[in-house]
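> Supplied in structure tokens, the structure appears directly below.
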Amino acid sequence: MLLLQNSLMMAIVNEGQAERFMSIARKAGAGGGTVIPARGTASGKILNFLGLGDKSREMVLVVTDSDTAGKIVDDVRSDGHMKGVAAMLRSDGEEKMASKWKMITIIVSTGYSDDIMDAARKAGATGGTVTHARGTGTEEDIKFMGVDIVPEKEMIMILCESERTQQIMDAVTSLKCLDEPGIGIMYTQDVCDFRNLDPNK
Amino acid sequence: MDFVRKLKETLTSVIPIMLIVIVLNFTIAPIGAERMLRFLLGGLLLILGLTVFLAGTEIGMVPVGEKLGSVLTHKKNVWFMLVVGFIIGFAITMAEPDVSVLAAQVHSLNPAISERTLILMIAIGLGVFVDLGLLRTVTGVPLKWVLIGFYLIVFVLVGIIGQSMASISFDASGATTGPLAVPFILALGLGVSASTKRQQDSSFGLTGVASIGPILAVAFMALTSSKSAGTADAAVAEYVVDSFGATLGMTLRETAVGFAPLLAIIVFMQFTMLHFPKIKFRKIMFGIAYSFLGIVIFLTGVVYGFADVGKFLGKTIYQNYSPVLVVVLSLVFGGIVVIAEPAVWVLTKQVEEVTAGRIKRTLVMIFICMGVSVAVALSMVRILLHINYLWFVFIGVGLALVMTLVTPPLFTGIAFDSGGVASGPMSTSFLLSFALGISGSADMGFGLVGLIAIAPLIAIQILGLIFRFKEKKGKKEAADAVASK
């Protein structure tokens, strides 16, 4: 196990671009990365209503120091092929200062992400990224025919401006369908840097 | 929005077959201007239909199937799971238009078997085997033992009933699972396996187990009813050239009939057990509507523009050129036609998702293509040389079963699922018509669909063996590297 005193860079790129991102990142000095298939939900109103707003994306996690992270983003931008965003999540020990951006993470039972994103968008979120996950549960093991049953989860990550955070979180918690106990959790993290990978934006 | 991206993907899957027909048209087999026009229009409809279908399936059928699988396991009630599984399997078969066509063929071959009873038996067969597949997925009994066990029974039965009924029973498994039902069953299996910790290894295989049901049902019927000599009615397998409006009307009606019970079940389940939240359910309904629309457009294109061309090409080339050319062309056709099968796209996408990109979709597709390519070529050899169908079944499926002993379980699942997936509307129309054009009678055309369904069993397992070999090598290299330090 490798222990790193660094921060986490999270990049969200189009499907099939993670490899290219990583090869640029490695040249810029990153050790390695983790790729997670994800679904992006940033689209216009009409497409979302018609159910066609989803985009296949890839989430890349790279643990690195902030200088290298800056270089990676610069290199990716000058490469010019990538569509997506990158965020640096604040790590332990870094000095606290008010950050302009925050990341809201919501982990809920599978099937609720669309309703959550709908509420979040109405409260000012521009989009979110959804990945599949599996809960381990605090309750005792549930067995069916001798097999452990695990709850499937969706993890929704929303990057937003700090001042909108509370508004979005309120909108999500007031959703009726989330009233059941134990349906999910939500937390926020400071984002110390947030940049677009597309040089034209 | 992924629509443009999807359009590009489907474009690359339909363009090759169109190019070849156009090349043939200007070289050895001119198909005539009117036919060409219909073919081009058909191709356009194929591309459009496939795109809309795939976009819809992803947000409609797939989430419903997965959620249902999850609900079935979380209820922790075996009987509940079995009853729901059976009803779904039963309902989608009863409504599948291809099954009625097949039943009519069987009836003409053996009048002692009534069409109604046969459809009922196939539906029960699929229902029972969906249940068996669900049980297997939950309990994690290795897929290979289930497959080997039931296929041995199949071997004994088809050995007794003889080749013409045997070929029909294998065709039956391809006919039962239409392009709307397959994604649903695939997703159901994924949903069940996602609720257990085993995950990847048991994700696939439900469709594979389910498709044994119809084979056994037909074989069982043939066995129990008195034998009588009859000849297959060629008319049922032939596509009558119709106007565009009539074709559209026919596919619309047939698809709607096949689709209605499934939709009714989904809506009923939403209010009793699925309970999707509001926005999600709206999205799912849109998705299902897109799949329906897409498949109607797709089938219209296939029936209107492709089936007739397939038959014409088969006939012209067989009459004017050497049989070797026929076999070579079949090799090419088989490989490129299967890329345009809607369900192949759904399966390969899910493979990529379940393995988080470790197994790339194009790789799976290439192997399915190679398998089907060989299968179609062999079918032509069989038609030309009048080889007994049973040889292909015994050797082909036998080899696939032996391979399950050494193939990684994940690949065995994908392989047997691909079987039902590869034999979709493109093979039953274009390729079957091509074969009919060559053989001139429907009798020999039977079994083509069945052989297409057998091919991926072997091809995908070969891919699995390659993966296994590579991973072993990778591990060994890593171990060596550590040791040398």
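Within each chain, counting starts at residue 1; across the structure tokens, chains are named A, B, ... in the order shown, with ligands numbered 1 upward in that order.
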Output as JSON lines one row per residue of chain A within 8 Å of chain B: the closest atom pair and its distance in Å to one decimal place, counting only C-alpha atoms, sorted by chain and residue number ascending.

```
{"residue": "A:Ile36", "atom": "CA", "partner": "B:Ala356", "partner_atom": "CA", "distance": 7.0}
{"residue": "A:Pro37", "atom": "CA", "partner": "B:Ala356", "partner_atom": "CA", "distance": 6.3}
{"residue": "A:Ser43", "atom": "CA", "partner": "B:Met1", "partner_atom": "CA", "distance": 7.1}
{"residue": "A:Leu47", "atom": "CA", "partner": "B:Met1", "partner_atom": "CA", "distance": 7.9}
{"residue": "A:Phe49", "atom": "CA", "partner": "B:Lys283", "partner_atom": "CA", "distance": 7.6}
{"residue": "A:Leu50", "atom": "CA", "partner": "B:Phe286", "partner_atom": "CA", "distance": 6.5}
{"residue": "A:Gly51", "atom": "CA", "partner": "B:Lys283", "partner_atom": "CA", "distance": 4.7}
{"residue": "A:Leu52", "atom": "CA", "partner": "B:Met1", "partner_atom": "CA", "distance": 6.6}
{"residue": "A:Gly53", "atom": "CA", "partner": "B:Met1", "partner_atom": "CA", "distance": 5.6}
{"residue": "A:Asp54", "atom": "CA", "partner": "B:Met1", "partner_atom": "CA", "distance": 5.9}
{"residue": "A:Lys55", "atom": "CA", "partner": "B:Met1", "partner_atom": "CA", "distance": 5.4}
{"residue": "A:Ser56", "atom": "CA", "partner": "B:Asp2", "partner_atom": "CA", "distance": 7.2}
{"residue": "A:Gly111", "atom": "CA", "partner": "B:Phe276", "partner_atom": "CA", "distance": 6.7}
{"residue": "A:Tyr112", "atom": "CA", "partner": "B:Pro277", "partner_atom": "CA", "distance": 6.6}
{"residue": "A:Asp114", "atom": "CA", "partner": "B:Lys280", "partner_atom": "CA", "distance": 5.6}
{"residue": "A:Asp115", "atom": "CA", "partner": "B:Ile279", "partner_atom": "CA", "distance": 5.2}
{"residue": "A:Asp118", "atom": "CA", "partner": "B:Ile279", "partner_atom": "CA", "distance": 7.6}
{"residue": "A:Lys143", "atom": "CA", "partner": "B:Lys76", "partner_atom": "CA", "distance": 7.7}
{"residue": "A:Phe144", "atom": "CA", "partner": "B:Lys76", "partner_atom": "CA", "distance": 5.3}
{"residue": "A:Met145", "atom": "CA", "partner": "B:Thr139", "partner_atom": "CA", "distance": 6.5}
{"residue": "A:Gly146", "atom": "CA", "partner": "B:Thr139", "partner_atom": "CA", "distance": 7.4}
{"residue": "A:Val147", "atom": "CA", "partner": "B:Thr139", "partner_atom": "CA", "distance": 6.5}
{"residue": "A:Asp148", "atom": "CA", "partner": "B:Thr196", "partner_atom": "CA", "distance": 5.8}
{"residue": "A:Ile149", "atom": "CA", "partner": "B:Thr196", "partner_atom": "CA", "distance": 4.8}
{"residue": "A:Val150", "atom": "CA", "partner": "B:Ser195", "partner_atom": "CA", "distance": 5.1}
{"residue": "A:Pro151", "atom": "CA", "partner": "B:Ser195", "partner_atom": "CA", "distance": 6.2}
{"residue": "A:Glu152", "atom": "CA", "partner": "B:Ser195", "partner_atom": "CA", "distance": 6.5}
{"residue": "A:Cys177", "atom": "CA", "partner": "B:Pro277", "partner_atom": "CA", "distance": 6.2}
```
> Can you list every residue in range 137-185 of chain A that DSSP puts in alpha helix (DSSP H), as a PyMOL selection string?
chain A and resi 165-173
> Counting only C-alpha atoms, what is within 12 Å of Ile113 in chain B, bar same-chain residues fewer than 4 positions away, as JSON, numbers by chain?
{"B": [103, 104, 105, 106, 107, 108, 109, 117, 118, 119, 120, 121, 165, 218, 219, 220, 221, 222, 223, 224, 225, 226, 227, 228, 230]}
> Can I get the selected residues back with N, CA and C atoms, as a PDB file, in the first residue's frame?

```pdb
ATOM      1  N   ALA B 103     -44.035 -21.928 -35.098  1.00  0.00           N
ATOM      2  CA  ALA B 103     -45.029 -22.950 -34.782  1.00  0.00           C
ATOM      3  C   ALA B 103     -45.742 -23.396 -36.047  1.00  0.00           C
ATOM      4  N   ALA B 104     -46.000 -22.444 -36.931  1.00  0.00           N
ATOM      5  CA  ALA B 104     -46.650 -22.786 -38.194  1.00  0.00           C
ATOM      6  C   ALA B 104     -45.752 -23.700 -39.024  1.00  0.00           C
ATOM      7  N   GLN B 105     -44.446 -23.416 -38.995  1.00  0.00           N
ATOM      8  CA  GLN B 105     -43.499 -24.260 -39.733  1.00  0.00           C
ATOM      9  C   GLN B 105     -43.501 -25.681 -39.189  1.00  0.00           C
ATOM     10  N   VAL B 106     -43.477 -25.794 -37.881  1.00  0.00           N
ATOM     11  CA  VAL B 106     -43.458 -27.110 -37.257  1.00  0.00           C
ATOM     12  C   VAL B 106     -44.730 -27.867 -37.604  1.00  0.00           C
ATOM     13  N   HIS B 107     -45.844 -27.151 -37.557  1.00  0.00           N
ATOM     14  CA  HIS B 107     -47.130 -27.775 -37.846  1.00  0.00           C
ATOM     15  C   HIS B 107     -47.154 -28.337 -39.265  1.00  0.00           C
ATOM     16  N   SER B 108     -46.584 -27.588 -40.213  1.00  0.00           N
ATOM     17  CA  SER B 108     -46.596 -28.057 -41.592  1.00  0.00           C
ATOM     18  C   SER B 108     -45.662 -29.248 -41.774  1.00  0.00           C
ATOM     19  N   LEU B 109     -44.656 -29.329 -40.929  1.00  0.00           N
ATOM     20  CA  LEU B 109     -43.717 -30.440 -41.008  1.00  0.00           C
ATOM     21  C   LEU B 109     -44.308 -31.683 -40.348  1.00  0.00           C
ATOM     22  N   THR B 117     -50.669 -25.615 -29.047  1.00  0.00           N
ATOM     23  CA  THR B 117     -49.991 -26.371 -27.986  1.00  0.00           C
ATOM     24  C   THR B 117     -48.497 -26.098 -28.013  1.00  0.00           C
ATOM     25  N   LEU B 118     -47.944 -26.015 -29.223  1.00  0.00           N
ATOM     26  CA  LEU B 118     -46.509 -25.807 -29.339  1.00  0.00           C
ATOM     27  C   LEU B 118     -46.098 -24.444 -28.764  1.00  0.00           C
ATOM     28  N   ILE B 119     -46.853 -23.407 -29.138  1.00  0.00           N
ATOM     29  CA  ILE B 119     -46.546 -22.072 -28.609  1.00  0.00           C
ATOM     30  C   ILE B 119     -46.607 -22.094 -27.082  1.00  0.00           C
ATOM     31  N   LEU B 120     -47.633 -22.754 -26.574  1.00  0.00           N
ATOM     32  CA  LEU B 120     -47.798 -22.863 -25.126  1.00  0.00           C
ATOM     33  C   LEU B 120     -46.593 -23.566 -24.501  1.00  0.00           C
ATOM     34  N   MET B 121     -46.167 -24.659 -25.150  1.00  0.00           N
ATOM     35  CA  MET B 121     -45.034 -25.429 -24.625  1.00  0.00           C
ATOM     36  C   MET B 121     -43.744 -24.604 -24.646  1.00  0.00           C
ATOM     37  N   MET B 165     -36.466 -31.882 -37.369  1.00  0.00           N
ATOM     38  CA  MET B 165     -37.047 -31.343 -36.146  1.00  0.00           C
ATOM     39  C   MET B 165     -35.961 -30.753 -35.245  1.00  0.00           C
ATOM     40  N   VAL B 218     -39.609 -27.828 -27.947  1.00  0.00           N
ATOM     41  CA  VAL B 218     -39.895 -28.317 -29.294  1.00  0.00           C
ATOM     42  C   VAL B 218     -39.511 -29.783 -29.424  1.00  0.00           C
ATOM     43  N   ALA B 219     -38.320 -30.126 -28.911  1.00  0.00           N
ATOM     44  CA  ALA B 219     -37.856 -31.509 -29.010  1.00  0.00           C
ATOM     45  C   ALA B 219     -38.818 -32.450 -28.282  1.00  0.00           C
ATOM     46  N   PHE B 220     -39.286 -32.021 -27.139  1.00  0.00           N
ATOM     47  CA  PHE B 220     -40.195 -32.825 -26.335  1.00  0.00           C
ATOM     48  C   PHE B 220     -41.513 -33.050 -27.072  1.00  0.00           C
ATOM     49  N   MET B 221     -42.011 -31.983 -27.694  1.00  0.00           N
ATOM     50  CA  MET B 221     -43.253 -32.091 -28.463  1.00  0.00           C
ATOM     51  C   MET B 221     -43.091 -33.049 -29.626  1.00  0.00           C
ATOM     52  N   ALA B 222     -41.960 -32.940 -30.314  1.00  0.00           N
ATOM     53  CA  ALA B 222     -41.712 -33.791 -31.477  1.00  0.00           C
ATOM     54  C   ALA B 222     -41.636 -35.249 -31.057  1.00  0.00           C
ATOM     55  N   LEU B 223     -41.124 -35.446 -29.866  1.00  0.00           N
ATOM     56  CA  LEU B 223     -40.915 -36.800 -29.370  1.00  0.00           C
ATOM     57  C   LEU B 223     -42.228 -37.461 -28.978  1.00  0.00           C
ATOM     58  N   THR B 224     -43.108 -36.668 -28.341  1.00  0.00           N
ATOM     59  CA  THR B 224     -44.323 -37.251 -27.785  1.00  0.00           C
ATOM     60  C   THR B 224     -45.446 -37.380 -28.798  1.00  0.00           C
ATOM     61  N   SER B 225     -45.381 -36.603 -29.893  1.00  0.00           N
ATOM     62  CA  SER B 225     -46.464 -36.732 -30.861  1.00  0.00           C
ATOM     63  C   SER B 225     -46.065 -37.719 -31.946  1.00  0.00           C
ATOM     64  N   SER B 226     -47.077 -38.335 -32.529  1.00  0.00           N
ATOM     65  CA  SER B 226     -46.801 -39.374 -33.517  1.00  0.00           C
ATOM     66  C   SER B 226     -46.119 -38.762 -34.729  1.00  0.00           C
ATOM     67  N   LYS B 227     -45.167 -39.519 -35.268  1.00  0.00           N
ATOM     68  CA  LYS B 227     -44.415 -39.008 -36.415  1.00  0.00           C
ATOM     69  C   LYS B 227     -45.259 -39.074 -37.672  1.00  0.00           C
ATOM     70  N   SER B 228     -45.126 -38.054 -38.504  1.00  0.00           N
ATOM     71  CA  SER B 228     -45.775 -38.131 -39.796  1.00  0.00           C
ATOM     72  C   SER B 228     -44.942 -37.338 -40.774  1.00  0.00           C
ATOM     73  N   GLY B 230     -44.140 -34.864 -43.526  1.00  0.00           N
ATOM     74  CA  GLY B 230     -44.699 -33.693 -44.174  1.00  0.00           C
ATOM     75  C   GLY B 230     -43.545 -32.854 -44.665  1.00  0.00           C
TER      76      GLY B 230
END
```
> I'd like to know which of A:Leu178, A:Ile46, A:Val62, A:Val13 is closest to Gly31 in chain A, using only C-alpha atoms.
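Smallest distance to Gly31 in chain A is found for A:Val62.
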> Fewer than 5 positions away in the same chain doesn't count, so skip those; otherwise give me all residues within 7 Å of range 26-29 of chain A, counting only C-alpha atoms, as a PDB file with C-alpha atoms, in the first residue's frame.

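Output contents, as saved in part-v4.pdb:
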```pdb
ATOM      1  CA  THR A  68       1.919  18.402 -10.906  1.00  0.00           C
ATOM      2  CA  LYS A  71       0.856  20.920 -15.051  1.00  0.00           C
ATOM      3  CA  ILE A  72      -1.413  18.020 -15.984  1.00  0.00           C
TER       4      ILE A  72
END
```
> What does the structure give for the distance between CA of Gly174 in chain B and CA of Gly419 in chain B, in Å to one decimal?
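Taking CA of Gly174 in chain B as the start and CA of Gly419 in chain B as the end point, the length is 8.1 Å.
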> Please, what distance in Å, to one decimal, runs between CA of Gln461 in chain B and CA of Asp131 in chain B?
24.6 Å
> Calculate how many Å separate CA of Val73 in chain A from CA of Leu197 in chain A, rounding to one decimal.
6.6 Å
> Looking at B:Glu115, B:Asp308, B:Glu9, B:Asp201, which one is nearest to Met36 in chain B, with distances taken over only C-alpha atoms?
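Ranked by minimum distance to Met36 in chain B, first place goes to B:Asp308.
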